[in-house]
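Student: The structure's right below; bear with me while I get my questions together.
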Amino acid sequence: RREMLAEAVVVMRRLWSGRNVNHRGTHYRVSEAQLFTVPEQPPPVYISAFRSRSAALAGQIGDGMISVLPDRALIDAFRDSGGEGKIVQGGSKVCYGTDEAQARHTAHRVWGNAWLPGELGQTLPLPRHFEQATGLVTEDAVGQHAVCGDNVARHVERLRAFANAGYDETYVSQIGPTSEEFFRFYAERVLPEFG
């Protein structure tokens, strides 16, 4: 998969030039492809990393790295492999709600596949396989991985973990229908904790 990704990034960047692209690689063949509407600046390619080998690849071929794990070792592997001076982004999913059990239920129902065990989330080929495998994920497991509810300290702790690990930016995704309440909660109660 890493080889496929590295080759795909090469092809994408060549296409963003607006020139005619021919590519015959190990994993992809592109014949007479051309984008006629190209961006003024090529979009940055941020590579997702869950392990040090992926982080190293991100440092070699990416314009940045993104991970959902607040792990300093990933950042070190990224920086040591060519990622010095590039952006490192963290991503965290939460489910804000005033009833923690209901928030956990919502997170499980809407996004339970995010916490599949092992490497299932990276290897399943079809949406129906994800739906089937989500049965392996319990609501309690979701609650261990995603901050659910309205406990300010838990939300702050999650963001601090990314900051303490050395991430440059952290993005928080709200799971479920209470987006307006989530934004208000973060604006009024969580983000002020960071000055």
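Each chain of the structure tokens is named A, B, ... in the order shown, its residues numbered from 1; ligands are numbered from 1 in display order.
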Kindly assemble as CSV a list of the segment 30-72 of chain A residues that lie within 12 Å of segment 140-149 of chain A, each paired with its nearest atom pair and their distance in Å to one decimal, using only C-alpha atoms, sorted first by chain and then by ascending residue number.
Tutor:
residue,atom,partner,partner_atom,distance
A:Val68,CA,A:His145,CA,10.3
A:Leu69,CA,A:His145,CA,10.3
A:Pro70,CA,A:His145,CA,12.0
Student: Mind dumping the selected residues with C-alpha atoms as a CSV table (one decimal), in the first residue's frame?
Tutor:
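Saved file result39.csv follows:
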chain,number,residue,atom,x,y,z
A,68,VAL,CA,-5.3,10.6,14.8
A,69,LEU,CA,-2.7,9.4,17.3
A,70,PRO,CA,-1.1,11.9,19.6
Student: Enumerate, in order of chain and increasing residue number, the residues of segment 55-168 of chain A with an atom no farther than 10 Å from segment 185-192 of chain A, each with its shortest atom pair and distance in Å to one decimal, counting only C-alpha atoms, as a tab-separated table.
Tutor:
residue	atom	partner	partner_atom	distance
A:Tyr96	CA	A:Phe185	CA	8.2
A:Gly97	CA	A:Phe185	CA	9.5
A:Asp150	CA	A:Phe185	CA	8.1
A:Asn151	CA	A:Val190	CA	9.5
A:Val152	CA	A:Val190	CA	6.1
A:Ala153	CA	A:Val190	CA	8.1
A:Arg154	CA	A:Val190	CA	9.5
A:His155	CA	A:Val190	CA	6.8
A:Val156	CA	A:Val190	CA	6.0
A:Glu157	CA	A:Val190	CA	9.8
A:Leu159	CA	A:Val190	CA	9.2
Student: What's around segment 75-91 of chain A at 7 Å? Count only C-alpha atoms, leave out sequence neighbours fewer than 3 positions away in its own chain, and write the answer as a list in words.
Tutor: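 Once the adjacent positions are removed, what remains is Ser52, Ala55, Ala56, Ala58, Gly59, Gln60, Asp63, Gly64, Met65, Ile66, Ser67, Val68, Arg72, Phe162, Tyr167, Asp168, Glu169, Thr170, Tyr171 and Val172 of chain A.
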Student: Using backbone DSSP assignments, extract all helix (DSSP H, G or I) residues from segment 1-194 of chain A; output them as a count of residues only.
Tutor: 103
Student: For segment 23-30 of chain A, find every residue with an atom within 9 Å (counting only C-alpha atoms), except residues of its own chain fewer than 2 positions away, and show them as a PDB file with C-alpha atoms, in the first residue's frame.
Tutor:
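Now in around-v8.pdb:
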ATOM      1  CA  GLU A   3       4.398   1.749  -2.651  1.00  0.00           C
ATOM      2  CA  MET A   4       1.032   2.348  -4.298  1.00  0.00           C
ATOM      3  CA  GLU A   7       3.492   6.134  -6.983  1.00  0.00           C
ATOM      4  CA  ALA A   8       0.020   7.742  -6.872  1.00  0.00           C
ATOM      5  CA  VAL A  11       1.160  10.748 -10.819  1.00  0.00           C
ATOM      6  CA  VAL A  21       0.970  12.722 -18.640  1.00  0.00           C
ATOM      7  CA  GLU A  32      -2.439  10.638 -22.436  1.00  0.00           C
ATOM      8  CA  ALA A  33      -4.031  12.102 -19.298  1.00  0.00           C
TER       9      ALA A  33
END
Student: Taking the DSSP assignment computed from this structure's backbone, write out as a list of chain:residue names all residues of segment 44-192 of chain A that belong to strand (DSSP E or B).
Tutor: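 The residues of segment 44-192 of chain A classed as strand (DSSP E or B) are A:Tyr46, A:Ile47, A:Ser48, A:Gly64, A:Met65, A:Ile66, A:Ser67, A:Ile87, A:Val88, A:Gln89, A:Gly90, A:Gly91, A:Ser92, A:Lys93, A:Val94, A:Cys95, A:Val147, A:Cys148, A:Glu169, A:Thr170, A:Tyr171, A:Val172, A:Ser173, A:Gln174.
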Student: Nearest residue to Thr178 of chain A out of A:Thr106, A:Leu116, A:Arg158, A:Glu131, using only C-alpha atoms?
Tutor: A:Thr106
Student: Considering only C-alpha atoms, can you say which of A:Leu74, A:Leu35, A:Ile47, A:Val9 comes closest to Ala165 of chain A?
Tutor: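 Counting only C-alpha atoms, the residue closest to Ala165 of chain A is A:Leu74.
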Student: For His108 of chain A, work out the shell of residues within 10 Å, counting only C-alpha atoms and skipping chain neighbours fewer than 5 positions away, then give it as a PyMOL selection string.
Tutor: chain A and resi 95+102-103+113-115+134-135+137-143+146+175-176
Student: What is the atom CA of Arg19 of chain A-atom CA of Ser31 of chain A distance in Å, reported with one decimal?
Tutor: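 We find that atom CA of Arg19 of chain A and atom CA of Ser31 of chain A lie 12.2 Å from each other.
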Student: Could you state the separation of atom CA of Phe50 of chain A and atom CA of Pro127 of chain A in Å, given to one decimal place?
Tutor: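 The value is 21.3 Å.
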Student: Just the number, please: distance in Å from atom CA of Ala133 of chain A to atom CA of Val110 of chain A, one decimal.
Tutor: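 A separation of 13.9 Å between them.
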